[in-house]
>>> print(open('start_28.txt').read())   # compact mmCIF, N, CA and C atoms
# COMPACT_ATOMS: atom_id res chain seq x y z
N MET C 249 144.53 84.24 116.13
CA MET C 249 145.09 84.70 114.88
C MET C 249 144.05 84.66 113.76
N LYS C 250 143.26 83.57 113.71
CA LYS C 250 142.24 83.45 112.68
C LYS C 250 141.18 84.53 112.84
N ILE C 251 140.88 84.89 114.08
CA ILE C 251 139.88 85.94 114.33
C ILE C 251 140.39 87.29 113.79
N ARG C 252 141.67 87.58 113.99
CA ARG C 252 142.25 88.83 113.49
C ARG C 252 142.19 88.90 111.97
N ILE C 253 142.52 87.79 111.33
CA ILE C 253 142.48 87.77 109.86
C ILE C 253 141.04 87.95 109.38
N PHE C 254 140.10 87.28 110.06
CA PHE C 254 138.69 87.41 109.71
C PHE C 254 138.22 88.86 109.86
N LEU C 255 138.60 89.49 110.97
CA LEU C 255 138.22 90.90 111.20
C LEU C 255 138.85 91.82 110.15
N LEU C 256 140.09 91.56 109.80
CA LEU C 256 140.76 92.35 108.78
C LEU C 256 140.05 92.23 107.44
N ILE C 257 139.63 91.04 107.09
CA ILE C 257 138.90 90.82 105.84
C ILE C 257 137.57 91.57 105.86
N LEU C 258 136.87 91.52 106.99
CA LEU C 258 135.60 92.23 107.12
C LEU C 258 135.79 93.74 106.96
N ILE C 259 136.83 94.27 107.59
CA ILE C 259 137.10 95.71 107.50
C ILE C 259 137.42 96.10 106.06
N LEU C 260 138.28 95.34 105.41
CA LEU C 260 138.63 95.64 104.02
C LEU C 260 137.43 95.52 103.10
N ALA C 261 136.58 94.55 103.34
CA ALA C 261 135.38 94.40 102.52
C ALA C 261 134.44 95.59 102.73
N GLY C 262 134.33 96.05 103.96
CA GLY C 262 133.48 97.20 104.25
C GLY C 262 134.00 98.47 103.60
N VAL C 263 135.31 98.66 103.62
CA VAL C 263 135.90 99.84 103.00
C VAL C 263 135.72 99.81 101.49
N SER C 264 135.92 98.66 100.88
CA SER C 264 135.82 98.56 99.43
C SER C 264 134.38 98.67 98.95
N CYS C 265 133.39 98.43 99.80
CA CYS C 265 132.00 98.50 99.40
C CYS C 265 131.41 99.91 99.54
N LYS C 266 132.17 100.84 100.11
CA LYS C 266 131.66 102.19 100.25
C LYS C 266 131.46 102.81 98.88
N LYS C 267 130.40 103.58 98.75
CA LYS C 267 130.08 104.24 97.50
C LYS C 267 131.15 105.28 97.17
N ASN C 268 131.60 105.29 95.94
CA ASN C 268 132.56 106.30 95.49
C ASN C 268 131.80 107.59 95.28
N ARG C 269 132.04 108.55 96.14
CA ARG C 269 131.29 109.80 96.09
C ARG C 269 132.08 110.86 95.35
N THR C 270 131.71 111.09 94.11
CA THR C 270 132.32 112.18 93.36
C THR C 270 131.34 113.34 93.35
N HIS C 271 131.87 114.54 93.20
CA HIS C 271 131.03 115.74 93.23
C HIS C 271 129.95 115.64 92.16
N PRO C 272 128.70 115.94 92.50
CA PRO C 272 127.60 115.79 91.54
C PRO C 272 127.63 116.80 90.39
N VAL C 273 128.32 117.92 90.55
CA VAL C 273 128.41 118.90 89.46
C VAL C 273 129.65 118.54 88.63
N PRO C 274 129.44 118.26 87.35
CA PRO C 274 130.58 117.84 86.51
C PRO C 274 131.65 118.92 86.40
N SER C 275 132.86 118.49 86.18
CA SER C 275 133.98 119.39 85.96
C SER C 275 134.17 119.57 84.46
N ILE C 276 134.09 120.80 83.99
CA ILE C 276 134.30 121.06 82.57
C ILE C 276 135.49 121.99 82.40
N ALA C 277 136.18 121.85 81.30
CA ALA C 277 137.38 122.66 81.06
C ALA C 277 137.00 123.98 80.37
N PHE C 278 137.54 125.07 80.87
CA PHE C 278 137.41 126.38 80.23
C PHE C 278 138.50 127.27 80.77
N ASP C 279 138.73 128.38 80.09
CA ASP C 279 139.75 129.35 80.49
C ASP C 279 139.44 130.66 79.79
N PHE C 280 139.08 131.69 80.54
CA PHE C 280 138.81 132.99 79.95
C PHE C 280 139.13 134.08 80.97
N SER C 281 139.18 135.30 80.50
CA SER C 281 139.44 136.45 81.38
C SER C 281 138.32 137.46 81.23
N ILE C 282 138.05 138.17 82.33
CA ILE C 282 137.08 139.28 82.28
C ILE C 282 137.81 140.56 82.64
N ASP C 283 137.35 141.65 82.06
CA ASP C 283 137.93 142.97 82.28
C ASP C 283 137.12 143.67 83.37
N LEU C 284 137.74 143.90 84.52
CA LEU C 284 137.04 144.49 85.66
C LEU C 284 136.67 145.95 85.45
N THR C 285 137.17 146.57 84.38
CA THR C 285 136.81 147.96 84.11
C THR C 285 135.48 148.08 83.36
N LEU C 286 134.96 146.95 82.86
CA LEU C 286 133.67 146.98 82.17
C LEU C 286 132.54 147.23 83.16
N PRO C 287 131.51 147.98 82.75
CA PRO C 287 130.40 148.30 83.66
C PRO C 287 129.72 147.08 84.27
N SER C 288 129.63 145.97 83.54
CA SER C 288 128.94 144.79 84.07
C SER C 288 129.68 144.14 85.23
N TYR C 289 130.96 144.50 85.41
CA TYR C 289 131.75 143.92 86.50
C TYR C 289 132.17 144.96 87.54
N GLN C 290 131.55 146.13 87.53
CA GLN C 290 131.95 147.21 88.45
C GLN C 290 131.80 146.83 89.91
N ASP C 291 130.85 145.96 90.25
CA ASP C 291 130.66 145.56 91.65
C ASP C 291 131.86 144.75 92.18
N LEU C 292 132.64 144.18 91.28
CA LEU C 292 133.81 143.40 91.71
C LEU C 292 134.99 144.30 92.08
N ASN C 293 134.84 145.61 91.90
CA ASN C 293 135.93 146.52 92.24
C ASN C 293 135.98 146.87 93.72
N SER C 294 135.06 146.33 94.50
CA SER C 294 135.11 146.55 95.95
C SER C 294 134.92 145.21 96.67
N VAL C 295 135.53 145.10 97.84
CA VAL C 295 135.43 143.88 98.65
C VAL C 295 133.96 143.62 98.98
N GLY C 296 133.53 142.38 98.83
CA GLY C 296 132.14 142.01 99.08
C GLY C 296 131.27 142.09 97.84
N GLY C 297 131.82 142.59 96.75
CA GLY C 297 131.06 142.68 95.50
C GLY C 297 131.01 141.34 94.79
N TRP C 298 129.99 141.17 93.98
CA TRP C 298 129.83 139.95 93.21
C TRP C 298 129.25 140.28 91.85
N ALA C 299 129.42 139.33 90.91
CA ALA C 299 128.88 139.51 89.56
C ALA C 299 128.68 138.15 88.92
N TYR C 300 127.68 138.09 88.04
CA TYR C 300 127.47 136.90 87.22
C TYR C 300 128.42 136.97 86.03
N VAL C 301 128.94 135.81 85.65
CA VAL C 301 129.82 135.70 84.50
C VAL C 301 129.35 134.50 83.67
N ALA C 302 129.32 134.66 82.36
CA ALA C 302 128.97 133.54 81.49
C ALA C 302 130.09 132.51 81.53
N GLY C 303 129.73 131.24 81.47
CA GLY C 303 130.71 130.16 81.49
C GLY C 303 130.25 129.05 82.40
N GLY C 304 131.03 128.00 82.49
CA GLY C 304 130.65 126.87 83.32
C GLY C 304 129.44 126.17 82.74
N ILE C 305 128.60 125.64 83.61
CA ILE C 305 127.41 124.91 83.17
C ILE C 305 126.18 125.81 83.20
N LYS C 306 125.90 126.41 84.37
CA LYS C 306 124.75 127.32 84.50
C LYS C 306 125.20 128.75 84.71
N GLY C 307 126.46 129.00 84.45
CA GLY C 307 127.01 130.33 84.70
C GLY C 307 127.89 130.28 85.94
N ILE C 308 128.56 131.38 86.16
CA ILE C 308 129.50 131.49 87.27
C ILE C 308 129.15 132.73 88.06
N ILE C 309 129.31 132.65 89.36
CA ILE C 309 129.20 133.84 90.19
C ILE C 309 130.57 134.08 90.80
N VAL C 310 131.07 135.29 90.62
CA VAL C 310 132.38 135.67 91.14
C VAL C 310 132.15 136.58 92.33
N TYR C 311 132.89 136.34 93.39
CA TYR C 311 132.77 137.12 94.63
C TYR C 311 134.16 137.61 95.03
N ARG C 312 134.25 138.86 95.44
CA ARG C 312 135.53 139.41 95.89
C ARG C 312 135.62 139.29 97.41
N GLN C 313 136.45 138.35 97.88
CA GLN C 313 136.60 138.09 99.31
C GLN C 313 137.39 139.18 100.02
N SER C 314 138.44 139.67 99.37
CA SER C 314 139.31 140.68 99.98
C SER C 314 139.92 141.51 98.86
N THR C 315 140.82 142.40 99.20
CA THR C 315 141.41 143.26 98.17
C THR C 315 142.15 142.46 97.11
N ASP C 316 142.70 141.30 97.48
CA ASP C 316 143.51 140.52 96.54
C ASP C 316 142.90 139.17 96.15
N VAL C 317 141.77 138.78 96.75
CA VAL C 317 141.26 137.42 96.54
C VAL C 317 139.85 137.45 95.96
N PHE C 318 139.70 136.72 94.84
CA PHE C 318 138.41 136.50 94.20
C PHE C 318 138.13 135.00 94.24
N VAL C 319 136.85 134.64 94.36
CA VAL C 319 136.45 133.23 94.24
C VAL C 319 135.38 133.15 93.17
N ALA C 320 135.34 132.00 92.47
CA ALA C 320 134.37 131.79 91.40
C ALA C 320 133.66 130.47 91.65
N TRP C 321 132.33 130.52 91.66
CA TRP C 321 131.51 129.34 91.95
C TRP C 321 130.61 129.02 90.76
N GLU C 322 130.46 127.73 90.49
CA GLU C 322 129.48 127.27 89.49
C GLU C 322 128.09 127.55 90.04
N ARG C 323 127.19 128.02 89.18
CA ARG C 323 125.83 128.32 89.62
C ARG C 323 124.91 127.10 89.57
N MET C 324 125.40 125.99 89.02
CA MET C 324 124.60 124.75 89.06
C MET C 324 124.68 124.19 90.47
N SER C 325 123.55 123.94 91.06
CA SER C 325 123.50 123.43 92.42
C SER C 325 123.92 121.96 92.48
N PRO C 326 124.70 121.58 93.50
CA PRO C 326 125.01 120.15 93.67
C PRO C 326 123.77 119.34 94.03
N GLU C 327 122.68 119.99 94.39
CA GLU C 327 121.42 119.30 94.68
C GLU C 327 120.59 119.10 93.42
N ASP C 328 121.14 119.46 92.27
CA ASP C 328 120.47 119.30 90.98
C ASP C 328 121.40 118.56 90.01
N PRO C 329 121.80 117.32 90.37
CA PRO C 329 122.80 116.61 89.55
C PRO C 329 122.33 116.30 88.13
N ASP C 330 121.03 116.26 87.91
CA ASP C 330 120.52 115.98 86.56
C ASP C 330 120.28 117.26 85.76
N ASN C 331 120.59 118.42 86.37
CA ASN C 331 120.48 119.72 85.70
C ASN C 331 119.07 119.97 85.15
N VAL C 332 118.05 119.70 85.98
CA VAL C 332 116.68 119.90 85.56
C VAL C 332 116.09 121.23 86.04
N CYS C 333 116.69 121.82 87.05
CA CYS C 333 116.19 123.10 87.56
C CYS C 333 116.45 124.18 86.50
N ALA C 334 115.45 124.98 86.23
CA ALA C 334 115.56 126.01 85.18
C ALA C 334 116.52 127.13 85.56
N THR C 335 116.67 127.38 86.85
CA THR C 335 117.53 128.49 87.27
C THR C 335 118.75 127.97 87.99
N GLY C 336 119.77 128.79 88.05
CA GLY C 336 120.97 128.47 88.81
C GLY C 336 120.90 129.12 90.18
N LEU C 337 121.95 128.94 90.94
CA LEU C 337 122.04 129.56 92.26
C LEU C 337 122.03 131.07 92.14
N THR C 338 121.37 131.73 93.09
CA THR C 338 121.31 133.19 93.11
C THR C 338 121.61 133.67 94.53
N PRO C 339 122.15 134.89 94.65
CA PRO C 339 122.33 135.43 95.99
C PRO C 339 120.99 135.56 96.70
N ASP C 340 120.97 135.19 97.97
CA ASP C 340 119.76 135.27 98.78
C ASP C 340 119.34 136.73 98.91
N SER C 341 118.05 136.99 98.84
CA SER C 341 117.56 138.37 98.92
C SER C 341 117.71 138.96 100.32
N VAL C 342 117.79 138.12 101.35
CA VAL C 342 117.94 138.59 102.72
C VAL C 342 119.41 138.65 103.14
N ASN C 343 120.18 137.64 102.75
CA ASN C 343 121.59 137.55 103.12
C ASN C 343 122.41 137.35 101.86
N PHE C 344 122.99 138.42 101.32
CA PHE C 344 123.70 138.33 100.04
C PHE C 344 124.94 137.45 100.10
N LEU C 345 125.40 137.07 101.31
CA LEU C 345 126.55 136.18 101.42
C LEU C 345 126.17 134.71 101.29
N GLN C 346 124.89 134.47 101.03
CA GLN C 346 124.43 133.10 100.82
C GLN C 346 123.88 132.96 99.41
N LEU C 347 124.19 131.83 98.78
CA LEU C 347 123.61 131.50 97.49
C LEU C 347 122.46 130.54 97.73
N TYR C 348 121.38 130.75 97.03
CA TYR C 348 120.14 130.01 97.25
C TYR C 348 119.77 129.21 96.00
N ASP C 349 119.36 127.97 96.22
CA ASP C 349 118.86 127.11 95.15
C ASP C 349 117.34 127.09 95.26
N PRO C 350 116.61 127.76 94.36
CA PRO C 350 115.15 127.82 94.49
C PRO C 350 114.45 126.49 94.27
N CYS C 351 115.10 125.53 93.66
CA CYS C 351 114.46 124.23 93.41
C CYS C 351 114.54 123.28 94.60
N SER C 352 115.63 123.34 95.36
CA SER C 352 115.78 122.41 96.49
C SER C 352 115.80 123.13 97.83
N SER C 353 115.79 124.45 97.82
CA SER C 353 115.91 125.28 99.03
C SER C 353 117.26 125.12 99.72
N ALA C 354 118.24 124.61 99.01
CA ALA C 354 119.59 124.50 99.58
C ALA C 354 120.22 125.90 99.62
N ARG C 355 121.09 126.09 100.60
CA ARG C 355 121.81 127.36 100.75
C ARG C 355 123.29 127.06 100.91
N PHE C 356 124.10 127.96 100.34
CA PHE C 356 125.54 127.80 100.35
C PHE C 356 126.21 129.13 100.68
N SER C 357 127.37 129.07 101.28
CA SER C 357 128.14 130.26 101.58
C SER C 357 128.79 130.78 100.30
N MET C 358 128.57 132.06 99.98
CA MET C 358 129.25 132.65 98.84
C MET C 358 130.73 132.85 99.15
N TYR C 359 131.05 132.99 100.43
CA TYR C 359 132.43 133.24 100.84
C TYR C 359 133.34 132.04 100.58
N ASP C 360 132.90 130.84 101.03
CA ASP C 360 133.77 129.67 100.88
C ASP C 360 133.12 128.48 100.19
N GLY C 361 131.87 128.61 99.73
CA GLY C 361 131.20 127.55 98.98
C GLY C 361 130.65 126.41 99.81
N SER C 362 130.76 126.49 101.12
CA SER C 362 130.30 125.39 101.97
C SER C 362 128.77 125.36 102.05
N PRO C 363 128.21 124.15 102.26
CA PRO C 363 126.76 124.04 102.40
C PRO C 363 126.30 124.62 103.74
N ILE C 364 125.19 125.32 103.71
CA ILE C 364 124.61 125.90 104.93
C ILE C 364 123.34 125.15 105.31
N ALA C 365 122.53 124.80 104.31
CA ALA C 365 121.27 124.09 104.58
C ALA C 365 120.88 123.24 103.38
N ASN C 366 120.32 122.08 103.65
CA ASN C 366 119.72 121.19 102.66
C ASN C 366 120.67 120.65 101.60
N SER C 367 121.94 120.54 101.92
CA SER C 367 122.90 119.94 100.99
C SER C 367 124.07 119.33 101.75
N GLY C 368 124.53 118.20 101.28
CA GLY C 368 125.72 117.58 101.84
C GLY C 368 126.97 117.89 101.03
N TRP C 369 126.82 118.71 100.00
CA TRP C 369 127.93 119.06 99.12
C TRP C 369 128.19 120.56 99.14
N GLY C 370 129.43 120.92 98.97
CA GLY C 370 129.78 122.31 98.76
C GLY C 370 129.69 122.63 97.28
N LEU C 371 129.92 123.87 96.93
CA LEU C 371 129.83 124.29 95.53
C LEU C 371 131.06 123.89 94.74
N ARG C 372 130.89 123.75 93.43
CA ARG C 372 132.02 123.51 92.51
C ARG C 372 132.76 124.83 92.37
N LYS C 373 134.04 124.81 92.73
CA LYS C 373 134.87 126.02 92.69
C LYS C 373 135.73 126.03 91.44
N TYR C 374 135.84 127.21 90.84
CA TYR C 374 136.74 127.42 89.72
C TYR C 374 137.89 128.30 90.18
N GLN C 375 138.98 128.23 89.48
CA GLN C 375 140.15 129.04 89.82
C GLN C 375 139.92 130.48 89.36
N ALA C 376 140.33 131.43 90.19
CA ALA C 376 140.24 132.85 89.85
C ALA C 376 141.59 133.48 90.15
N LEU C 377 142.21 134.04 89.13
CA LEU C 377 143.55 134.61 89.25
C LEU C 377 143.50 136.05 88.77
N TRP C 378 143.76 136.98 89.68
CA TRP C 378 143.71 138.41 89.37
C TRP C 378 145.11 138.90 89.05
N ASN C 379 145.25 139.73 88.01
CA ASN C 379 146.57 140.23 87.61
C ASN C 379 146.99 141.48 88.39
N GLY C 380 146.18 141.89 89.37
CA GLY C 380 146.50 143.05 90.18
C GLY C 380 146.06 144.36 89.55
N SER C 381 145.48 144.27 88.39
CA SER C 381 145.05 145.48 87.68
C SER C 381 143.59 145.31 87.22
N ASN C 382 143.38 145.05 85.94
CA ASN C 382 142.03 145.02 85.44
C ASN C 382 141.54 143.65 84.95
N LEU C 383 142.41 142.65 84.90
CA LEU C 383 142.00 141.36 84.36
C LEU C 383 141.89 140.28 85.43
N LEU C 384 140.80 139.54 85.36
CA LEU C 384 140.57 138.42 86.25
C LEU C 384 140.40 137.18 85.38
N ARG C 385 141.31 136.23 85.53
CA ARG C 385 141.27 134.98 84.78
C ARG C 385 140.48 133.95 85.58
N ILE C 386 139.53 133.30 84.92
CA ILE C 386 138.71 132.27 85.55
C ILE C 386 138.90 131.00 84.71
N TYR C 387 139.24 129.92 85.38
CA TYR C 387 139.53 128.69 84.63
C TYR C 387 139.31 127.47 85.51
N ASN C 388 139.25 126.33 84.82
CA ASN C 388 139.09 125.06 85.49
C ASN C 388 140.11 124.10 84.94
>>> encode(input="start_28.txt", output="structure tokens")
Amino acid sequence: MKIRIFLLILILAGVSCKKNRTHPVPSIAFDFSIDLTLPSYQDLNSVGGWAYVAGGIKGIIVYRQSTDVFVAWERMSPEDPDNVCATGLTPDSVNFLQLYDPCSSARFSMYDGSPIANSGWGLRKYQALWNGSNLLRIYN
């Protein structure tokens, strides 16, 4: 019985000593809409299109996954928690479905934000709500 209690204490101590891992890219509050009829967002009118949008920390990249689904990703890399890299994530020149961090060489999926190389973190995702017509609301 004493051995079980001792083991339980060791397990609880080990669990409580684990580092609290919060996402390295801070969460900031914002709420705005973009008009998809504007020329700067014309690429978002077809599936697979993407566009840069002002907002977030280093900007936002919006990607159209399907006819009804948009996703919005923070351009600040999770591999740059101190925000020292001069540039944000950019679409890879060879594979546009990947976002590339030129400072750490990390790569991320533009489709779902998951890490592909050189990162243990996925991208910070923002909410994207399309009204079915011309407005796309992006918020956190």
>>> closest_atom_pairs(input="start_28.txt", of="region 265-348 of chain C", to="region 364-379 of chain C", cutoff="7 Å", atoms="only N, CA and C atoms", output="tab-separated table")
residue	atom	partner	partner_atom	distance
C:Val273	CA	C:Arg372	CA	6.6
C:Asp316	C	C:Trp378	CA	6.9
C:Phe318	C	C:Ala376	CA	5.3
C:Val319	CA	C:Ala376	CA	5.8
C:Ala320	C	C:Tyr374	N	4.0
C:Trp321	CA	C:Arg372	C	4.7
C:Glu322	N	C:Arg372	C	4.2
C:Met324	C	C:Arg372	N	6.9
C:Pro326	N	C:Leu371	CA	6.1
C:Glu327	CA	C:Ser367	CA	6.5
>>> write_last_selection(input="start_28.txt", atoms="N, CA and C atoms", output="compact mmCIF listing (two decimals), in the coordinates of the input")
# COMPACT_ATOMS: atom_id res chain seq x y z
N VAL C 273 128.32 117.92 90.55
CA VAL C 273 128.41 118.90 89.46
C VAL C 273 129.65 118.54 88.63
N ASP C 316 142.70 141.30 97.48
CA ASP C 316 143.51 140.52 96.54
C ASP C 316 142.90 139.17 96.15
N PHE C 318 139.70 136.72 94.84
CA PHE C 318 138.41 136.50 94.20
C PHE C 318 138.13 135.00 94.24
N VAL C 319 136.85 134.64 94.36
CA VAL C 319 136.45 133.23 94.24
C VAL C 319 135.38 133.15 93.17
N ALA C 320 135.34 132.00 92.47
CA ALA C 320 134.37 131.79 91.40
C ALA C 320 133.66 130.47 91.65
N TRP C 321 132.33 130.52 91.66
CA TRP C 321 131.51 129.34 91.95
C TRP C 321 130.61 129.02 90.76
N GLU C 322 130.46 127.73 90.49
CA GLU C 322 129.48 127.27 89.49
C GLU C 322 128.09 127.55 90.04
N MET C 324 125.40 125.99 89.02
CA MET C 324 124.60 124.75 89.06
C MET C 324 124.68 124.19 90.47
N PRO C 326 124.70 121.58 93.50
CA PRO C 326 125.01 120.15 93.67
C PRO C 326 123.77 119.34 94.03
N GLU C 327 122.68 119.99 94.39
CA GLU C 327 121.42 119.30 94.68
C GLU C 327 120.59 119.10 93.42
>>> atom_distance(input="start_28.txt", atom1="atom N of Gly296 (chain C)", atom2="atom N of Pro350 (chain C)")
22.8 Å
>>> closest_residue(input="start_28.txt", among="C:Asp349, C:Asp279, C:Asp291, C:Asp330", to="Asn388 (chain C)", atoms="all atoms listed in the file")
C:Asp279
>>> residues_around(input="start_28.txt", residues="Phe356 (chain C)", least_positions_apart="4", cutoff="6 Å", atoms="all atoms listed in the file", output="list in words")
Leu345, Gln346, Leu347, Tyr348, Gly361, Ser362, Pro363, Ile364 and Ala365 of chain C
>>> select_by_dssp(input="start_28.txt", residues="chain C", states="strand (DSSP E)", output="number ranges by chain")
C: 279-283, 298-301, 308-312, 318-322, 338-339, 346-348, 355-357, 363-365, 373-378, 383-387
>>> closest_residue(input="start_28.txt", among="C:Ser314, C:Asn331, C:Thr338, C:Pro274", to="Ala299 (chain C)", atoms="only C-alpha atoms")
C:Thr338
>>> residues_around(input="start_28.txt", residues="region 281-290 of chain C", least_positions_apart="5", cutoff="9 Å", atoms="only C-alpha atoms", output="JSON, numbers by chain")
{"C": [297, 298, 299, 300, 301, 381, 382, 383, 384, 385, 386, 387]}
>>> atom_distance(input="start_28.txt", atom1="atom N of Leu337 (chain C)", atom2="atom C of Asp360 (chain C)")
14.5 Å
>>> atom_distance(input="start_28.txt", atom1="CA of Thr315 (chain C)", atom2="CA of Ala277 (chain C)")
27.1 Å
>>> decode(input="start_28.txt", residues="region 315-343 of chain C", atoms="N, CA and C atoms", output="PDB file, in the first residue's frame")
ATOM      1  N   THR C 315     -15.225  26.125 -51.766  1.00  0.00           N
ATOM      2  CA  THR C 315     -16.167  27.170 -52.175  1.00  0.00           C
ATOM      3  C   THR C 315     -16.747  27.921 -50.992  1.00  0.00           C
ATOM      4  N   ASP C 316     -16.882  27.263 -49.844  1.00  0.00           N
ATOM      5  CA  ASP C 316     -17.517  27.889 -48.681  1.00  0.00           C
ATOM      6  C   ASP C 316     -16.582  28.139 -47.494  1.00  0.00           C
ATOM      7  N   VAL C 317     -15.327  27.690 -47.570  1.00  0.00           N
ATOM      8  CA  VAL C 317     -14.453  27.740 -46.391  1.00  0.00           C
ATOM      9  C   VAL C 317     -13.197  28.559 -46.676  1.00  0.00           C
ATOM     10  N   PHE C 318     -12.975  29.545 -45.782  1.00  0.00           N
ATOM     11  CA  PHE C 318     -11.762  30.353 -45.787  1.00  0.00           C
ATOM     12  C   PHE C 318     -11.035  30.095 -44.470  1.00  0.00           C
ATOM     13  N   VAL C 319      -9.702  30.149 -44.498  1.00  0.00           N
ATOM     14  CA  VAL C 319      -8.920  30.084 -43.264  1.00  0.00           C
ATOM     15  C   VAL C 319      -8.002  31.300 -43.237  1.00  0.00           C
ATOM     16  N   ALA C 320      -7.706  31.773 -42.023  1.00  0.00           N
ATOM     17  CA  ALA C 320      -6.853  32.946 -41.845  1.00  0.00           C
ATOM     18  C   ALA C 320      -5.745  32.599 -40.860  1.00  0.00           C
ATOM     19  N   TRP C 321      -4.504  32.839 -41.265  1.00  0.00           N
ATOM     20  CA  TRP C 321      -3.336  32.493 -40.449  1.00  0.00           C
ATOM     21  C   TRP C 321      -2.534  33.746 -40.132  1.00  0.00           C
ATOM     22  N   GLU C 322      -2.033  33.811 -38.909  1.00  0.00           N
ATOM     23  CA  GLU C 322      -1.090  34.866 -38.521  1.00  0.00           C
ATOM     24  C   GLU C 322       0.208  34.630 -39.277  1.00  0.00           C
ATOM     25  N   ARG C 323       0.814  35.706 -39.777  1.00  0.00           N
ATOM     26  CA  ARG C 323       2.070  35.581 -40.520  1.00  0.00           C
ATOM     27  C   ARG C 323       3.298  35.574 -39.615  1.00  0.00           C
ATOM     28  N   MET C 324       3.107  35.828 -38.323  1.00  0.00           N
ATOM     29  CA  MET C 324       4.236  35.709 -37.389  1.00  0.00           C
ATOM     30  C   MET C 324       4.499  34.228 -37.147  1.00  0.00           C
ATOM     31  N   SER C 325       5.716  33.817 -37.354  1.00  0.00           N
ATOM     32  CA  SER C 325       6.082  32.415 -37.188  1.00  0.00           C
ATOM     33  C   SER C 325       6.135  32.024 -35.713  1.00  0.00           C
ATOM     34  N   PRO C 326       5.631  30.833 -35.371  1.00  0.00           N
ATOM     35  CA  PRO C 326       5.786  30.357 -33.986  1.00  0.00           C
ATOM     36  C   PRO C 326       7.247  30.087 -33.635  1.00  0.00           C
ATOM     37  N   GLU C 327       8.122  30.051 -34.622  1.00  0.00           N
ATOM     38  CA  GLU C 327       9.560  29.869 -34.379  1.00  0.00           C
ATOM     39  C   GLU C 327      10.259  31.200 -34.146  1.00  0.00           C
ATOM     40  N   ASP C 328       9.491  32.283 -34.081  1.00  0.00           N
ATOM     41  CA  ASP C 328      10.019  33.625 -33.827  1.00  0.00           C
ATOM     42  C   ASP C 328       9.252  34.261 -32.665  1.00  0.00           C
ATOM     43  N   PRO C 329       9.283  33.627 -31.471  1.00  0.00           N
ATOM     44  CA  PRO C 329       8.455  34.115 -30.360  1.00  0.00           C
ATOM     45  C   PRO C 329       8.826  35.514 -29.880  1.00  0.00           C
ATOM     46  N   ASP C 330      10.042  35.960 -30.141  1.00  0.00           N
ATOM     47  CA  ASP C 330      10.451  37.301 -29.730  1.00  0.00           C
ATOM     48  C   ASP C 330      10.194  38.347 -30.815  1.00  0.00           C
ATOM     49  N   ASN C 331       9.626  37.910 -31.952  1.00  0.00           N
ATOM     50  CA  ASN C 331       9.259  38.802 -33.050  1.00  0.00           C
ATOM     51  C   ASN C 331      10.449  39.630 -33.544  1.00  0.00           C
ATOM     52  N   VAL C 332      11.589  38.957 -33.754  1.00  0.00           N
ATOM     53  CA  VAL C 332      12.783  39.647 -34.220  1.00  0.00           C
ATOM     54  C   VAL C 332      12.991  39.524 -35.727  1.00  0.00           C
ATOM     55  N   CYS C 333      12.370  38.548 -36.347  1.00  0.00           N
ATOM     56  CA  CYS C 333      12.512  38.367 -37.790  1.00  0.00           C
ATOM     57  C   CYS C 333      11.819  39.533 -38.502  1.00  0.00           C
ATOM     58  N   ALA C 334      12.489  40.118 -39.459  1.00  0.00           N
ATOM     59  CA  ALA C 334      11.947  41.293 -40.159  1.00  0.00           C
ATOM     60  C   ALA C 334      10.748  40.949 -41.038  1.00  0.00           C
ATOM     61  N   THR C 335      10.686  39.723 -41.517  1.00  0.00           N
ATOM     62  CA  THR C 335       9.591  39.354 -42.412  1.00  0.00           C
ATOM     63  C   THR C 335       8.673  38.347 -41.749  1.00  0.00           C
ATOM     64  N   GLY C 336       7.467  38.256 -42.260  1.00  0.00           N
ATOM     65  CA  GLY C 336       6.526  37.250 -41.799  1.00  0.00           C
ATOM     66  C   GLY C 336       6.552  36.052 -42.729  1.00  0.00           C
ATOM     67  N   LEU C 337       5.702  35.100 -42.448  1.00  0.00           N
ATOM     68  CA  LEU C 337       5.588  33.907 -43.290  1.00  0.00           C
ATOM     69  C   LEU C 337       5.128  34.301 -44.688  1.00  0.00           C
ATOM     70  N   THR C 338       5.669  33.616 -45.689  1.00  0.00           N
ATOM     71  CA  THR C 338       5.287  33.858 -47.079  1.00  0.00           C
ATOM     72  C   THR C 338       5.025  32.521 -47.764  1.00  0.00           C
ATOM     73  N   PRO C 339       4.163  32.523 -48.782  1.00  0.00           N
ATOM     74  CA  PRO C 339       3.982  31.282 -49.540  1.00  0.00           C
ATOM     75  C   PRO C 339       5.298  30.856 -50.180  1.00  0.00           C
ATOM     76  N   ASP C 340       5.576  29.573 -50.120  1.00  0.00           N
ATOM     77  CA  ASP C 340       6.793  29.018 -50.700  1.00  0.00           C
ATOM     78  C   ASP C 340       6.765  29.218 -52.210  1.00  0.00           C
ATOM     79  N   SER C 341       7.904  29.566 -52.784  1.00  0.00           N
ATOM     80  CA  SER C 341       7.961  29.817 -54.227  1.00  0.00           C
ATOM     81  C   SER C 341       7.801  28.537 -55.054  1.00  0.00           C
ATOM     82  N   VAL C 342       8.103  27.374 -54.467  1.00  0.00           N
ATOM     83  CA  VAL C 342       7.985  26.108 -55.177  1.00  0.00           C
ATOM     84  C   VAL C 342       6.627  25.450 -54.919  1.00  0.00           C
ATOM     85  N   ASN C 343       6.158  25.511 -53.678  1.00  0.00           N
ATOM     86  CA  ASN C 343       4.893  24.887 -53.302  1.00  0.00           C
ATOM     87  C   ASN C 343       4.030  25.930 -52.605  1.00  0.00           C
TER      88      ASN C 343
END
